[in-house]
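Structure first, commentary second.
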Amino acid sequence: MEEWSEKQIQQWCAESDDSLFVYFYTPICGTCKVTEKMLQVIVAMEKDLPLVKCNVNFCPELAQSWKLESVPCIVSIEQRQLTRKRYRMQAVDDLLRWFQHTG
């Protein structure tokens, strides 16, 4: 899972109509570490999943404009719009279903 900066995410949102998932985390968050391990499993199963990660400490504009409430948080962007946010990470199979749901 590639690390993106706030600027990279903003540029992608301005230029691309493709779907993207962004995983927001902080390095000291224990729940974030567990979530990242689950996401690594999902990425291994779904090699083409458009998923990047971003340290929320370095993206104050996105955190404010997208009203991120806490971490870990995964956002879904479709057609340049934030469409969904997920804060509760229960299990790999549950997360995988969430990624597969569009719209």
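Chain labels A, B, ... are given in the sequence in which chains occur in the structure tokens; within each chain residues are numbered consecutively from 1, and ligands are likewise numbered from 1 in the order shown.
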If you count only C-alpha atoms, which residues fall within 10 Å of Asp17 (chain A), apart from same-chain ones fewer than 6 positions away, as a CSV table (one decimal) with N, CA and C atoms, in the first residue's frame?
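Writing the result to around-v3.csv gives the following:
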```
chain,number,residue,atom,x,y,z
A,77,ILE,N,-13.7,7.3,-2.7
A,77,ILE,CA,-13.8,8.4,-3.6
A,77,ILE,C,-14.2,7.8,-5.0
A,78,GLU,N,-15.4,8.3,-5.5
A,78,GLU,CA,-15.9,7.9,-6.8
A,78,GLU,C,-16.3,9.1,-7.5
A,79,GLN,N,-15.8,9.2,-8.8
A,79,GLN,CA,-16.1,10.3,-9.7
A,79,GLN,C,-15.8,11.6,-9.0
A,80,ARG,N,-14.6,11.7,-8.4
A,80,ARG,CA,-14.1,12.9,-7.7
A,80,ARG,C,-14.8,13.4,-6.5
A,81,GLN,N,-15.7,12.5,-6.0
A,81,GLN,CA,-16.5,12.8,-4.8
A,81,GLN,C,-16.3,11.8,-3.7
```
ask   = Quick one: residues within 12 Å of Lys7 (chain A), only C-alpha atoms counted, chain neighbours fewer than 5 positions away excluded, as a count of residues only?
value = 9
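Distances from A:Ile9, A:Leu20, A:Leu68, A:Cys73 to Asp48 (chain A) were compared using only C-alpha atoms, and the smallest one belongs to A:Leu20.
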As a PDB file with C-alpha atoms, in the first residue's frame, list the residues of chain A assigned to alpha helix (DSSP H) by DSSP on the backbone atoms of this structure.
```
ATOM      1  CA  GLU A   6      -2.287  15.379   1.021  1.00  0.00           C
ATOM      2  CA  LYS A   7      -1.179  17.103  -2.187  1.00  0.00           C
ATOM      3  CA  GLN A   8      -1.150  13.802  -4.121  1.00  0.00           C
ATOM      4  CA  ILE A   9      -4.671  12.954  -2.959  1.00  0.00           C
ATOM      5  CA  GLN A  10      -5.970  16.422  -3.796  1.00  0.00           C
ATOM      6  CA  GLN A  11      -4.357  16.292  -7.239  1.00  0.00           C
ATOM      7  CA  TRP A  12      -5.793  12.832  -7.920  1.00  0.00           C
ATOM      8  CA  CYS A  13      -9.273  14.006  -6.886  1.00  0.00           C
ATOM      9  CA  ALA A  14      -9.001  16.992  -9.226  1.00  0.00           C
ATOM     10  CA  GLU A  15      -7.788  15.010 -12.224  1.00  0.00           C
ATOM     11  CA  GLY A  30      -2.742   0.726  17.923  1.00  0.00           C
ATOM     12  CA  THR A  31      -6.070   0.169  16.165  1.00  0.00           C
ATOM     13  CA  CYS A  32      -4.538   1.670  13.017  1.00  0.00           C
ATOM     14  CA  LYS A  33      -1.743  -0.917  13.130  1.00  0.00           C
ATOM     15  CA  VAL A  34      -4.289  -3.753  13.344  1.00  0.00           C
ATOM     16  CA  THR A  35      -6.301  -2.201  10.504  1.00  0.00           C
ATOM     17  CA  GLU A  36      -3.204  -1.927   8.335  1.00  0.00           C
ATOM     18  CA  LYS A  37      -2.499  -5.646   8.813  1.00  0.00           C
ATOM     19  CA  MET A  38      -6.058  -6.445   7.706  1.00  0.00           C
ATOM     20  CA  LEU A  39      -5.643  -4.159   4.699  1.00  0.00           C
ATOM     21  CA  GLN A  40      -2.393  -5.894   3.751  1.00  0.00           C
ATOM     22  CA  VAL A  41      -4.296  -9.193   3.626  1.00  0.00           C
ATOM     23  CA  ILE A  42      -6.984  -7.605   1.436  1.00  0.00           C
ATOM     24  CA  VAL A  43      -4.410  -6.064  -0.911  1.00  0.00           C
ATOM     25  CA  ALA A  44      -2.733  -9.478  -1.247  1.00  0.00           C
ATOM     26  CA  MET A  45      -6.106 -10.964  -2.306  1.00  0.00           C
ATOM     27  CA  PRO A  60      -5.106  18.963   7.829  1.00  0.00           C
ATOM     28  CA  GLU A  61      -7.018  20.376   4.845  1.00  0.00           C
ATOM     29  CA  LEU A  62      -8.454  17.000   3.820  1.00  0.00           C
ATOM     30  CA  ALA A  63      -9.221  16.041   7.414  1.00  0.00           C
ATOM     31  CA  GLN A  64     -11.197  19.243   7.864  1.00  0.00           C
ATOM     32  CA  SER A  65     -12.951  19.376   4.491  1.00  0.00           C
ATOM     33  CA  VAL A  92     -11.008  -8.919   6.877  1.00  0.00           C
ATOM     34  CA  ASP A  93     -14.090 -10.444   5.224  1.00  0.00           C
ATOM     35  CA  ASP A  94     -16.291  -7.573   6.410  1.00  0.00           C
ATOM     36  CA  LEU A  95     -13.822  -4.972   5.089  1.00  0.00           C
ATOM     37  CA  LEU A  96     -13.500  -6.825   1.793  1.00  0.00           C
ATOM     38  CA  ARG A  97     -17.284  -6.672   1.300  1.00  0.00           C
ATOM     39  CA  TRP A  98     -17.178  -2.932   2.048  1.00  0.00           C
ATOM     40  CA  PHE A  99     -14.520  -2.391  -0.625  1.00  0.00           C
ATOM     41  CA  GLN A 100     -16.506  -4.422  -3.149  1.00  0.00           C
TER      42      GLN A 100
END
```
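Distances here use only C-alpha atoms; by that measure, the residue among A:Ile74, A:Ser19, A:Thr26, A:Met1 closest to Asn57 (chain A) is A:Thr26.
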ask   = Just asking: which residues within chain A are strand (DSSP E) according to DSSP, as a PyMOL selection string?
value = chain A and resi 2-3+20-25+51-55+73-78+81-86
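You will find CA of His101 (chain A) at 24.5 Å from CA of Val56 (chain A).
Close contacts of Pro72 (chain A), defined as residues with an atom at most 6 Å away when counting only C-alpha atoms, with chain neighbours fewer than 3 positions off set aside, comprise Phe24, Tyr25, Cys32 and Tyr87 of chain A.
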Keeping only N, CA, C and O atoms, write the selected residues as a PDB file, in the first residue's frame.
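Output saved as selection.pdb:
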```
ATOM      1  N   PHE A  24      -6.713   6.500   6.199  1.00  0.00           N
ATOM      2  CA  PHE A  24      -6.107   7.508   7.063  1.00  0.00           C
ATOM      3  C   PHE A  24      -5.741   6.875   8.401  1.00  0.00           C
ATOM      4  O   PHE A  24      -6.542   6.132   8.976  1.00  0.00           O
ATOM      5  N   TYR A  25      -4.562   7.203   8.890  1.00  0.00           N
ATOM      6  CA  TYR A  25      -4.050   6.602  10.118  1.00  0.00           C
ATOM      7  C   TYR A  25      -3.123   7.589  10.822  1.00  0.00           C
ATOM      8  O   TYR A  25      -2.799   8.649  10.283  1.00  0.00           O
ATOM      9  N   CYS A  32      -4.992   1.430  14.396  1.00  0.00           N
ATOM     10  CA  CYS A  32      -4.538   1.670  13.017  1.00  0.00           C
ATOM     11  C   CYS A  32      -3.574   0.579  12.572  1.00  0.00           C
ATOM     12  O   CYS A  32      -3.628   0.122  11.420  1.00  0.00           O
ATOM     13  N   TYR A  87     -15.175   3.824   9.752  1.00  0.00           N
ATOM     14  CA  TYR A  87     -14.339   3.945  10.951  1.00  0.00           C
ATOM     15  C   TYR A  87     -14.204   2.622  11.689  1.00  0.00           C
ATOM     16  O   TYR A  87     -13.234   2.415  12.388  1.00  0.00           O
TER      17      TYR A  87
END
```
